[in-house]
$ cat input.cif   # mmCIF, C-alpha atoms
data_upload
loop_
_atom_site.label_atom_id
_atom_site.label_comp_id
_atom_site.auth_asym_id
_atom_site.auth_seq_id
_atom_site.Cartn_x
_atom_site.Cartn_y
_atom_site.Cartn_z
CA MET A 1 -17.00 133.78 164.83
CA ILE A 2 -14.57 135.05 162.16
CA LYS A 3 -16.95 133.81 159.48
CA LYS A 4 -19.76 135.82 161.06
CA VAL A 5 -17.62 138.98 161.23
CA VAL A 6 -16.61 138.61 157.57
CA THR A 7 -20.22 138.03 156.53
CA ALA A 8 -21.40 141.07 158.49
CA SER A 9 -18.66 143.27 157.01
CA VAL A 10 -19.40 142.13 153.45
CA LEU A 11 -23.11 142.75 153.97
CA ALA A 12 -22.37 146.20 155.38
CA LEU A 13 -20.10 147.10 152.46
CA VAL A 14 -22.63 145.88 149.92
CA GLY A 15 -25.29 147.86 151.76
CA VAL A 16 -23.22 151.06 151.71
CA ALA A 17 -22.35 150.62 148.03
CA ALA A 18 -25.99 149.99 147.14
CA LEU A 19 -27.08 152.96 149.22
CA ASN A 20 -24.62 155.27 147.51
CA ALA A 21 -25.33 153.96 144.02
CA GLY A 22 -28.99 154.69 144.43
CA THR A 23 -28.65 157.96 146.26
CA TYR A 24 -26.02 160.00 144.41
CA ASN A 25 -28.80 162.20 143.06
CA ALA A 26 -31.22 161.71 145.98
CA GLN A 27 -30.56 165.12 147.55
CA ALA A 28 -30.57 166.86 144.16
CA GLU A 29 -33.89 165.25 143.29
CA LYS A 30 -35.33 166.29 146.65
CA ASP A 31 -34.14 169.87 146.00
CA ARG A 32 -35.58 169.87 142.50
CA GLN A 33 -38.99 168.62 143.58
CA ALA A 34 -39.13 171.19 146.39
CA LEU A 35 -38.21 173.94 143.93
CA VAL A 36 -40.95 172.88 141.50
CA LYS A 37 -43.46 172.79 144.38
CA TYR A 38 -42.35 176.26 145.49
CA PHE A 39 -42.69 177.86 142.07
CA GLU A 40 -46.00 176.15 141.30
CA LYS A 41 -47.35 177.45 144.61
CA LYS A 42 -45.92 180.93 144.05
CA PHE A 43 -47.49 181.24 140.62
CA ALA A 44 -50.74 179.38 141.32
CA ASN A 45 -52.56 182.65 141.97
CA PRO A 46 -50.22 185.63 142.44
CA GLU A 47 -53.11 187.97 143.22
CA LYS A 48 -54.24 185.82 146.15
CA SER A 49 -50.73 185.12 147.44
CA LYS A 50 -49.59 188.76 147.30
CA ASN A 51 -48.78 188.96 151.00
CA GLN A 52 -46.70 185.79 150.95
CA PHE A 53 -44.90 186.10 147.63
CA PHE A 54 -45.41 189.51 145.99
CA PRO A 55 -45.56 192.12 148.76
CA TYR A 56 -44.12 194.92 146.59
CA THR A 57 -46.35 194.37 143.55
CA SER A 58 -49.54 196.38 143.17
CA ASP A 59 -52.93 194.65 143.18
CA LYS A 60 -53.61 196.03 139.72
CA GLU A 61 -50.39 194.66 138.27
CA LEU A 62 -50.97 191.26 139.84
CA LYS A 63 -54.50 191.19 138.45
CA ASP A 64 -53.74 192.49 134.96
CA ASN A 65 -50.31 191.15 134.13
CA TYR A 66 -49.76 187.87 135.98
CA ALA A 67 -50.86 184.54 134.54
CA LYS A 68 -52.35 182.03 136.97
CA GLY A 69 -51.95 178.32 137.55
CA LEU A 70 -48.46 177.83 136.14
CA LYS A 71 -47.31 174.24 135.99
CA PHE A 72 -43.85 172.70 135.72
CA ASN A 73 -43.59 172.78 131.90
CA ASP A 74 -44.55 176.47 131.71
CA PHE A 75 -41.35 177.52 133.46
CA ARG A 76 -39.22 176.77 130.40
CA LEU A 77 -40.27 180.24 129.21
CA GLY A 78 -38.69 182.13 132.11
CA SER A 79 -40.48 185.34 133.05
CA TYR A 80 -42.65 185.07 129.92
CA ALA A 81 -44.40 182.18 131.64
CA PHE A 82 -46.14 184.56 134.06
CA SER A 83 -45.86 188.05 132.53
CA LYS A 84 -48.69 188.49 130.04
CA GLU A 85 -47.19 191.71 128.69
CA GLY A 86 -43.73 190.15 128.38
CA LYS A 87 -45.17 187.09 126.65
CA SER A 88 -46.94 189.17 124.02
CA GLN A 89 -43.70 191.07 123.26
CA TYR A 90 -41.81 187.75 123.18
CA ASP A 91 -44.31 186.28 120.72
CA GLU A 92 -43.94 189.31 118.46
CA LEU A 93 -40.14 189.03 118.50
CA ASN A 94 -40.37 185.32 117.74
CA GLU A 95 -42.27 185.96 114.53
CA MET A 96 -38.88 186.65 112.96
CA PRO A 97 -36.35 185.08 115.35
CA PRO A 98 -33.11 187.06 115.26
CA TYR A 99 -31.04 183.95 116.06
CA GLU A 100 -31.87 182.00 112.87
CA ASP A 101 -28.66 183.11 111.16
CA ASN A 102 -26.71 181.95 114.20
CA VAL A 103 -28.24 178.46 113.94
CA ASP A 104 -27.25 178.33 110.27
CA ALA A 105 -23.74 179.51 111.11
CA GLY A 106 -23.60 176.84 113.83
CA GLU A 107 -24.57 174.12 111.36
CA GLU A 108 -21.83 175.30 109.02
CA LEU A 109 -19.32 175.19 111.88
CA TYR A 110 -20.53 171.70 112.83
CA ASN A 111 -19.88 170.43 109.34
CA SER A 112 -16.67 172.29 108.62
CA THR A 113 -14.72 172.44 111.88
CA LYS A 114 -12.11 169.74 112.23
CA GLY A 115 -13.05 167.13 114.82
CA ILE A 116 -16.41 168.55 115.92
CA LYS A 117 -18.53 165.95 114.12
CA GLN A 118 -16.36 163.18 115.52
CA CYS A 119 -16.59 164.54 119.08
CA PHE A 120 -20.34 165.12 118.82
CA PRO A 121 -21.78 162.64 116.30
CA ASP A 122 -25.31 163.44 117.57
CA PRO A 123 -25.83 167.20 117.72
CA ALA A 124 -29.03 166.87 119.79
CA ILE A 125 -27.13 166.92 123.07
CA ALA A 126 -27.94 170.33 124.56
CA GLY A 127 -29.95 168.85 127.44
CA GLU A 128 -27.20 166.45 128.53
CA TYR A 129 -24.67 169.06 129.65
CA PRO A 130 -23.03 169.82 132.03
CA LYS A 131 -21.65 166.36 132.75
CA PHE A 132 -19.39 165.34 135.58
CA ASP A 133 -16.14 163.74 134.45
CA ASP A 134 -15.05 161.30 137.15
CA LYS A 135 -11.62 160.92 135.56
CA SER A 136 -10.68 164.59 135.93
CA GLY A 137 -13.01 165.24 138.88
CA LYS A 138 -14.45 168.23 137.02
CA VAL A 139 -17.78 169.48 135.77
CA VAL A 140 -17.72 169.79 131.99
CA THR A 141 -20.12 172.28 130.43
CA LEU A 142 -21.07 172.02 126.77
CA GLU A 143 -18.86 175.04 126.09
CA ALA A 144 -15.89 173.38 127.80
CA ALA A 145 -16.53 170.11 125.94
CA ILE A 146 -16.50 171.96 122.60
CA ASN A 147 -13.23 173.69 123.48
CA ASP A 148 -11.70 170.41 124.71
CA CYS A 149 -12.61 168.91 121.35
CA LEU A 150 -11.02 171.79 119.46
CA LYS A 151 -7.82 171.52 121.51
CA ALA A 152 -7.70 167.74 120.99
CA ASN A 153 -7.80 168.45 117.26
CA GLY A 154 -4.96 170.93 117.39
CA GLN A 155 -7.07 174.06 117.27
CA LYS A 156 -7.35 177.13 119.44
CA PRO A 157 -10.30 177.21 121.86
CA TRP A 158 -13.12 179.63 121.14
CA ASN A 159 -14.48 182.45 123.31
CA MET A 160 -16.80 180.73 125.80
CA LYS A 161 -19.24 183.61 125.95
CA LYS A 162 -20.19 184.43 122.37
CA GLY A 163 -19.20 184.14 118.71
CA LYS A 164 -18.52 180.77 117.10
CA LEU A 165 -19.09 178.79 120.25
CA ALA A 166 -22.51 180.34 120.85
CA ASP A 167 -23.41 179.71 117.20
CA LEU A 168 -22.45 176.03 117.40
CA GLU A 169 -24.31 175.71 120.67
CA ALA A 170 -27.37 177.32 119.02
CA TYR A 171 -27.26 174.58 116.40
CA PHE A 172 -27.01 171.89 119.11
CA ALA A 173 -29.94 173.47 120.98
CA ALA A 174 -32.06 173.73 117.84
CA LYS A 175 -31.41 170.08 116.96
CA SER A 176 -32.23 169.04 120.55
CA LYS A 177 -35.47 171.02 120.50
CA GLU A 178 -36.36 169.54 117.10
CA ALA A 179 -35.77 166.03 118.49
CA GLY A 180 -38.01 166.77 121.49
CA LYS A 181 -35.15 166.35 123.95
CA LYS A 182 -35.50 167.22 127.62
CA VAL A 183 -32.97 168.44 130.14
CA ASP A 184 -31.38 165.29 131.52
CA ILE A 185 -28.51 166.01 133.89
CA LYS A 186 -26.91 163.02 135.58
CA ILE A 187 -25.33 162.73 139.03
CA GLN A 188 -23.75 159.31 139.05
CA SER A 189 -20.95 159.38 141.59
CA LYS A 190 -20.01 160.67 145.01
CA ALA A 191 -17.76 163.31 143.46
CA ALA A 192 -20.54 164.44 141.10
CA ALA A 193 -22.90 164.82 144.07
CA ALA A 194 -20.26 166.90 145.86
CA ALA A 195 -19.86 169.14 142.79
CA TYR A 196 -23.65 169.59 142.69
CA GLU A 197 -23.71 170.50 146.40
CA SER A 198 -20.90 172.97 145.83
CA GLY A 199 -22.81 174.59 142.96
CA LYS A 200 -25.92 174.78 145.11
CA LYS A 201 -24.03 176.49 147.91
CA ILE A 202 -22.53 179.00 145.49
CA TYR A 203 -26.03 179.73 144.13
CA TYR A 204 -27.59 180.34 147.53
CA SER A 205 -24.68 182.23 149.20
CA GLN A 206 -24.76 186.01 149.47
CA ARG A 207 -21.81 187.74 147.81
CA GLY A 208 -20.63 191.07 146.46
CA TYR A 209 -20.96 194.52 147.98
CA LEU A 210 -24.72 194.35 147.51
CA LYS A 211 -24.79 191.10 149.51
CA LEU A 212 -27.05 189.34 147.04
CA SER A 213 -27.24 185.66 146.29
CA CYS A 214 -28.43 184.37 142.92
CA ALA A 215 -31.49 183.09 144.80
CA THR A 216 -32.33 186.54 146.14
CA CYS A 217 -33.47 187.48 142.63
CA HIS A 218 -34.25 184.14 141.00
CA VAL A 219 -35.89 182.14 143.82
CA GLN A 220 -37.33 184.42 146.50
CA GLY A 221 -37.36 187.43 144.14
CA ALA A 222 -38.57 185.63 141.01
CA GLY A 223 -41.64 187.34 139.61
CA GLU A 224 -40.84 190.66 141.28
CA ARG A 225 -39.93 193.61 139.10
CA VAL A 226 -36.65 195.53 139.00
CA ARG A 227 -37.40 198.74 137.14
CA ARG A 228 -39.30 197.52 134.05
CA GLU A 229 -37.96 193.98 134.01
CA TYR A 230 -39.34 190.91 135.75
CA LEU A 231 -36.92 188.61 137.53
CA SER A 232 -37.01 185.16 135.99
CA PRO A 233 -37.32 181.94 138.04
CA LEU A 234 -34.40 179.55 138.55
CA LEU A 235 -36.64 176.75 137.31
CA GLY A 236 -36.16 176.72 133.53
CA HIS A 237 -33.16 179.06 133.52
CA THR A 238 -30.87 176.79 131.54
CA THR A 239 -33.38 175.37 129.06
CA HIS A 240 -33.18 178.10 126.44
CA PHE A 241 -29.48 178.93 126.10
CA PRO A 242 -27.76 180.25 124.11
CA VAL A 243 -29.98 183.31 124.05
CA TYR A 244 -30.19 186.29 121.76
CA ARG A 245 -30.39 189.21 124.16
CA LEU A 246 -31.65 192.53 122.94
CA LYS A 247 -29.21 194.17 125.34
CA TRP A 248 -26.31 192.32 123.72
CA GLN A 249 -27.69 192.63 120.20
CA GLY A 250 -26.37 189.14 119.73
CA LEU A 251 -26.16 185.59 120.98
CA GLY A 252 -24.53 184.62 124.27
CA THR A 253 -23.93 181.55 126.39
CA MET A 254 -24.97 180.79 129.95
CA GLU A 255 -21.43 181.73 131.06
CA ARG A 256 -21.84 185.18 129.54
CA ARG A 257 -25.15 185.72 131.32
CA ILE A 258 -23.78 184.57 134.67
CA GLY A 259 -20.87 187.00 134.32
CA GLY A 260 -23.42 189.81 133.92
CA CYS A 261 -25.32 188.70 137.02
CA GLU A 262 -22.11 188.58 139.07
CA LYS A 263 -21.33 192.16 138.04
CA ASN A 264 -24.81 193.17 139.18
CA GLN A 265 -24.19 191.52 142.54
CA GLY A 266 -21.12 193.70 143.00
CA GLU A 267 -18.47 191.02 142.74
CA ASN A 268 -15.60 190.42 140.39
CA PRO A 269 -17.02 187.91 137.85
CA HIS A 270 -15.44 184.48 137.70
CA LYS A 271 -13.76 183.25 134.55
CA ALA A 272 -16.13 181.57 132.11
CA ASN A 273 -14.02 178.40 132.14
CA SER A 274 -13.76 178.19 135.95
CA GLN A 275 -15.11 175.29 137.97
CA TRP A 276 -16.94 177.88 140.09
CA VAL A 277 -19.15 178.75 137.13
CA ALA A 278 -19.32 175.14 135.86
CA LYS A 279 -20.51 173.81 139.24
CA MET A 280 -23.16 176.49 139.46
CA ILE A 281 -24.43 175.65 135.96
CA TYR A 282 -24.43 171.95 136.95
CA PHE A 283 -26.72 172.77 139.89
CA MET A 284 -28.91 175.12 137.85
CA SER A 285 -29.27 172.63 135.02
CA TYR A 286 -30.22 169.80 137.37
CA MET A 287 -33.01 171.99 138.71
CA SER A 288 -34.48 172.09 135.18
CA ASN A 289 -34.33 168.32 134.68
CA GLY A 290 -37.38 167.09 132.81
CA LEU A 291 -38.14 170.40 131.09
CA PRO A 292 -37.96 170.48 127.29
CA VAL A 293 -34.85 171.99 125.69
CA ASP A 294 -36.12 175.30 124.35
CA GLY A 295 -33.13 177.02 122.87
CA PRO A 296 -31.93 179.09 121.25
CA ASP A 297 -34.32 181.80 122.33
CA ILE A 298 -34.80 185.53 122.79
CA ARG A 299 -34.52 187.47 126.01
CA LYS A 300 -34.42 191.16 126.78
CA MET B 1 -25.07 138.22 164.43
CA LYS B 2 -28.10 140.55 164.23
CA THR B 3 -26.40 143.10 166.52
CA MET B 4 -23.23 142.99 164.43
CA ILE B 5 -25.21 143.59 161.24
CA LYS B 6 -27.03 146.49 162.91
CA VAL B 7 -23.74 148.05 164.09
CA ALA B 8 -22.09 147.56 160.72
CA THR B 9 -25.13 149.06 158.92
CA ILE B 10 -25.18 152.10 161.23
CA LEU B 11 -21.43 152.61 160.70
CA GLY B 12 -21.89 152.22 156.97
CA LEU B 13 -24.76 154.71 156.87
CA GLY B 14 -22.77 157.17 158.94
CA ALA B 15 -19.79 156.84 156.63
CA ALA B 16 -21.99 157.31 153.55
CA LEU B 17 -23.56 160.45 154.96
CA ALA B 18 -20.18 161.86 156.02
CA ILE B 19 -18.80 161.25 152.54
CA SER B 20 -21.81 162.91 150.87
CA ALA B 21 -21.58 166.11 152.97
CA SER B 22 -19.71 168.89 151.24
CA ALA B 23 -17.14 170.65 153.36
CA GLU B 24 -16.82 174.18 152.01
CA GLU B 25 -13.63 175.92 152.92
CA VAL B 26 -13.54 178.53 155.66
CA THR B 27 -9.92 179.55 155.84
CA PRO B 28 -8.13 180.79 158.97
CA MET B 29 -8.10 184.29 157.46
CA VAL B 30 -11.87 184.18 156.96
CA LYS B 31 -12.24 183.28 160.64
CA GLU B 32 -9.88 186.11 161.58
CA ALA B 33 -11.74 188.65 159.45
CA ALA B 34 -15.07 187.50 160.87
CA LYS B 35 -14.02 188.74 164.31
CA LEU B 36 -13.20 192.27 163.13
CA ASP B 37 -15.36 195.31 163.76
CA VAL B 38 -15.29 196.77 160.27
CA LYS B 39 -16.34 200.25 161.42
CA LYS B 40 -13.41 200.40 163.82
CA VAL B 41 -10.64 198.86 161.71
CA CYS B 42 -11.59 200.87 158.63
CA ASP B 43 -11.99 204.21 160.43
CA VAL B 44 -9.56 206.49 158.57
CA LYS B 45 -9.81 209.35 161.07
CA ALA B 46 -9.03 207.15 164.05
CA ASN B 47 -6.36 204.91 162.49
CA GLY B 48 -4.79 206.92 159.67
CA LEU B 49 -4.62 206.11 155.97
CA LYS B 50 -1.62 203.78 156.08
CA LYS B 51 -3.03 201.55 158.79
CA VAL B 52 -6.43 201.28 157.14
CA LEU B 53 -4.89 200.51 153.75
CA ALA B 54 -2.76 197.83 155.42
CA VAL B 55 -5.97 196.10 156.54
CA ALA B 56 -7.23 196.13 152.95
CA GLU B 57 -3.89 194.81 151.70
CA LYS B 58 -3.93 192.03 154.25
CA TYR B 59 -7.43 190.66 153.56
CA ASN B 60 -8.15 191.39 149.89
CA PRO B 61 -5.74 188.79 148.43
CA GLU B 62 -7.66 186.12 150.35
CA ALA B 63 -10.92 187.42 148.85
CA VAL B 64 -9.33 187.13 145.39
CA LYS B 65 -8.13 183.60 146.18
CA LEU B 66 -11.60 182.53 147.35
CA GLY B 67 -13.29 184.18 144.36
CA VAL B 68 -15.31 186.68 146.40
CA GLU B 69 -13.58 189.96 145.62
CA PHE B 70 -15.88 192.98 145.44
CA LYS B 71 -16.21 195.08 142.31
CA ARG B 72 -18.15 198.30 142.03
CA LEU B 73 -18.92 200.14 138.80
CA GLY B 74 -16.21 198.26 136.95
CA ILE B 75 -13.48 198.77 139.57
CA THR B 76 -12.21 195.78 141.55
CA ASN B 77 -10.91 196.23 145.06
CA SER B 78 -7.43 195.24 143.84
CA VAL B 79 -7.50 198.32 141.59
CA TYR B 80 -8.47 200.52 144.54
CA ILE B 81 -5.58 199.14 146.62
CA LYS B 82 -3.02 199.44 143.83
CA GLY B 83 -3.93 203.09 143.15
CA LEU B 84 -4.09 204.00 146.84
CA LYS B 85 -0.63 202.62 147.61
CA LYS B 86 0.90 205.10 145.18
CA ALA B 87 -1.35 208.01 146.18
CA ILE B 88 -0.75 207.58 149.92
CA ALA B 89 3.02 207.22 149.42
CA LYS B 90 2.97 210.53 147.53
CA LYS B 91 0.70 212.09 150.17
CA GLU B 92 -1.90 212.99 147.57
CA LYS B 93 -5.45 214.02 148.47
CA LYS B 94 -7.04 212.40 145.42
CA VAL B 95 -6.51 209.06 143.71
CA THR B 96 -7.13 208.32 140.04
CA LEU B 97 -7.96 204.69 139.39
CA HIS B 98 -7.32 203.16 135.98
CA TYR B 99 -9.39 200.20 134.93
CA LYS B 100 -10.94 198.44 131.96
CA ALA B 101 -14.66 198.17 131.33
CA LYS B 102 -16.12 196.42 128.28
CA GLY B 103 -12.67 196.34 126.72
CA LYS B 104 -12.16 200.08 127.03
CA LYS B 105 -9.63 201.88 129.22
CA LYS B 106 -11.31 204.12 131.78
CA GLN B 107 -10.42 206.16 134.86
CA LYS B 108 -12.15 207.65 137.87
CA THR B 109 -10.93 209.98 140.60
CA PHE B 110 -11.85 209.71 144.29
CA PRO B 111 -10.79 211.46 147.53
CA VAL B 112 -8.04 209.30 149.08
CA ASP B 113 -9.65 208.97 152.54
CA TYR B 114 -12.94 207.84 151.03
CA ALA B 115 -11.29 205.33 148.67
CA THR B 116 -9.15 203.96 151.51
CA TRP B 117 -12.22 203.40 153.67
CA ARG B 118 -13.90 201.66 150.74
CA ALA B 119 -10.92 199.40 150.00
CA CYS B 120 -10.75 198.36 153.65
CA THR B 121 -14.47 197.68 154.10
CA PHE B 122 -14.64 195.83 150.78
CA ALA B 123 -11.73 193.57 151.76
CA VAL B 124 -13.01 192.77 155.25
CA ARG B 125 -16.69 192.45 154.38
CA SER B 126 -16.05 190.11 151.45
CA LEU B 127 -14.46 187.62 153.87
CA GLN B 128 -17.00 188.20 156.62
CA GLN B 129 -19.73 187.33 154.12
CA VAL B 130 -18.03 183.98 153.46
CA ASP B 131 -18.26 183.22 157.16
CA GLU B 132 -21.87 184.46 157.41
CA ALA B 133 -22.89 182.42 154.36
CA GLN B 134 -21.97 179.19 156.15
CA LYS B 135 -24.89 179.82 158.50
CA THR B 136 -27.32 181.54 156.16
CA TRP B 137 -27.24 179.91 152.72
CA ARG B 138 -29.48 176.98 153.63
CA LEU B 139 -32.13 179.39 154.91
CA ALA B 140 -32.85 180.34 151.29
CA VAL B 141 -33.21 176.79 149.93
CA PRO B 142 -36.83 175.73 149.32
CA GLY B 143 -37.41 172.39 151.01
CA ASP B 144 -34.52 173.02 153.38
CA GLY B 145 -34.35 176.19 155.48
CA TYR B 146 -36.81 178.21 153.39
CA LYS B 147 -40.40 177.40 154.31
CA PHE B 148 -43.23 178.39 152.02
#
$ encode --input "input.cif" --output "C-alpha cells"
Amino acid sequence: MIKKVVTASVLALVGVAALNAGTYNAQAEKDRQALVKYFEKKFANPEKSKNQFFPYTSDKELKDNYAKGLKFNDFRLGSYAFSKEGKSQYDELNEMPPYEDNVDAGEELYNSTKGIKQCFPDPAIAGEYPKFDDKSGKVVTLEAAINDCLKANGQKPWNMKKGKLADLEAYFAAKSKEAGKKVDIKIQSKAAAAAYESGKKIYYSQRGYLKLSCATCHVQGAGERVRREYLSPLLGHTTHFPVYRLKWQGLGTMERRIGGCEKNQGENPHKANSQWVAKMIYFMSYMSNGLPVDGPDIRK
Amino acid sequence: MKTMIKVATILGLGAALAISASAEEVTPMVKEAAKLDVKKVCDVKANGLKKVLAVAEKYNPEAVKLGVEFKRLGITNSVYIKGLKKAIAKKEKKVTLHYKAKGKKKQKTFPVDYATWRACTFAVRSLQQVDEAQKTWRLAVPGDGYKF
C-alpha cells in the first residue's frame, strides 16, 4: 500500500514538474497568437471592416491611405505598416537616417567603456531583452543590464532614457538587425510567467485621470487617428528601439517613450528603472516574439 | 491505484494552476475608497474645504504607493495637496502651485475650492480605478475577454 502511495506521489510530482516546465510560456504564447490574429484581421481590409474596427475613420481615408492584407512581419514597422502616407514620409526620412551618428557613437562606447565588451561579448543581443533573472526575481531590461554592468565595473550608471545608453543600445540594435536576429523573449520559470502576467495586467488596466489603458490606444485604438498621428499597434512596438523621434530631435529608449505615454494618460510616470516599467516591457516584447529586430529607427 | 493517480494528478494540476495565477494587490484602502461616492465626499460646498482636503490627504499616499497617482498638465496630485494645505490654513481664495516640467520650474494659480475638489476626486478616483480594473482589464485582451 505504502509503495503504491509513494509511486502515485512521485508520478504526480513528476507530472506537475513536467507540466510547469512545458507551460511557463503557454499563456503568453496563447496571448501572442491571439494578438497576431486580431491585428491581421483588423488590417486585412480596413475599408470593409470599418464598422467593426474603424468606426471614426472616413471611407475616403480608409480607401486612400490604408494598406490592405497586412501580415505578421509587416507590423515591425508600426503605423507605417498600414499608413501609406506615413510610410512614404518614413521612406524619405530613411534616405539619410538621422541616427547613424548615434550608432557610431554607440560603437565607440562599446569599444572604449570599461567592462562593456566583457559583459556583452556579442553585441547582437537587442532581441533577447528583457530577461527574467530568477536569482533576483526581477525583470532585467537591456538598459538595466547595461547599467548593472557599469556599476559592476565601478562606474556610474547612465541615464536610462537617452544619451550614452541610447547610443550603445542603437549599436546593439544595428548589430542585431545586421545579423538578422529576431525578437526572442524567454519565459522559463514560474516567477518569469508571473512577471509577464503582471506586465500584461499593467498594460490592459485603465489608469490616470483620462482613464486610459495602453491597450485603449495601441490594441483597440491602433490604426485610429489622434489629430494627425496614427496610433501604432502593440504588435511590433518593441522591435525598433531605440528610436530617433522628430519630437525629441534625438534618440530615446523604450523607457523614455513609455514615460511620455503615461503622461498622456494623466498619471505620474513611473521611474525608468522600476519593475513596473520593466514588467510592462517584458510583456510588450514577448508580444513581438518572432519579428525581426528593426532598430534603431525613426518615428515622429 | 488508478484512482490514486487520478486524484494526485488533479491535485497537482490544481496546484500548478494556482501557482501560475497572478494575485494583484487590492489593498484595504482601495476597497475602502471603492465604496465612496466621489461626488458626495468631494463636494466642497456641502463638506467644507478642510474636510474635502482631508479625504485627498487620506487616499493620495496610497495612490502614490501603488503607482497610480494622477498628474495633469505637469502637476501631480501631491503638489495640489501640498499647496492647498498652506492656502487653506491661511484662508486664501487662490492657490499657487509650484512644480517642475521638463526640468524647468513652473507655477500655476487656481481657485482654492476648485483645486480642493480636484485633489479629492483625483485621490479617490485613482484608487477606485484600481478596484474597477480588477474586473475590466481582461475585457480588453484579445483572445480572452475581447472578442473580435
$ resolve_selection --input "input.cif" --expression "the PyMOL selection byres ((chain A and resi 94-102) around 8)" --output "ChimeraX atom specification"
/A:90-93,103-106,167-168,170-171,244,250-251,296-298
$ atom_distance --input "input.cif" --atom1 "atom CA of Gly67 of chain B" --atom2 "atom CA of Asp148 of chain A"
24.0 Å
$ resolve_selection --input "input.cif" --expression "the PyMOL selection byres ((chain A and resi 84) around 12)" --output "ChimeraX atom specification"
/A:61-68,77,79-83,85-91,223,230
$ resolve_selection --input "input.cif" --expression "the PyMOL selection byres ((chain B and resi 125-130) around 7)" --output "PyMOL selection string"
(chain A and resi 206-208) or (chain B and resi 30+33-34+63+68-70+121-124+131-134)
$ residues_around --input "input.cif" --residues "Leu142 of chain A" --least-positions-apart "2" --cutoff "6 Å" --atoms "all atoms listed in the file" --output "number ranges by chain"
A: 129, 144-145
$ atom_distance --input "input.cif" --atom1 "atom CA of Cys42 of chain B" --atom2 "atom CA of Gln107 of chain B"
24.4 Å
$ atom_distance --input "input.cif" --atom1 "atom CA of Val293 of chain A" --atom2 "atom CA of Ile185 of chain A"
12.0 Å
$ closest_residue --input "input.cif" --among "A:Gly236, A:Gly127, A:Gly221, A:Pro242" --to "chain B" --atoms "only C-alpha atoms"
A:Gly221
$ closest_residue --input "input.cif" --among "A:Gln27, A:Ser205, A:Thr141, A:Ser136" --to "chain B" --atoms "all atoms listed in the file"
A:Ser205
$ residues_around --input "input.cif" --residues "segment 179-182 of chain A" --least-positions-apart "6" --cutoff "10 Å" --atoms "only C-alpha atoms" --output "PyMOL selection string"
chain A and resi 124-128+173+239+288-294
$ closest_residue --input "input.cif" --among "A:Lys190, A:Lys60, A:Lys263, A:Lys164" --to "Leu73 of chain B" --atoms "only C-alpha atoms"
A:Lys263
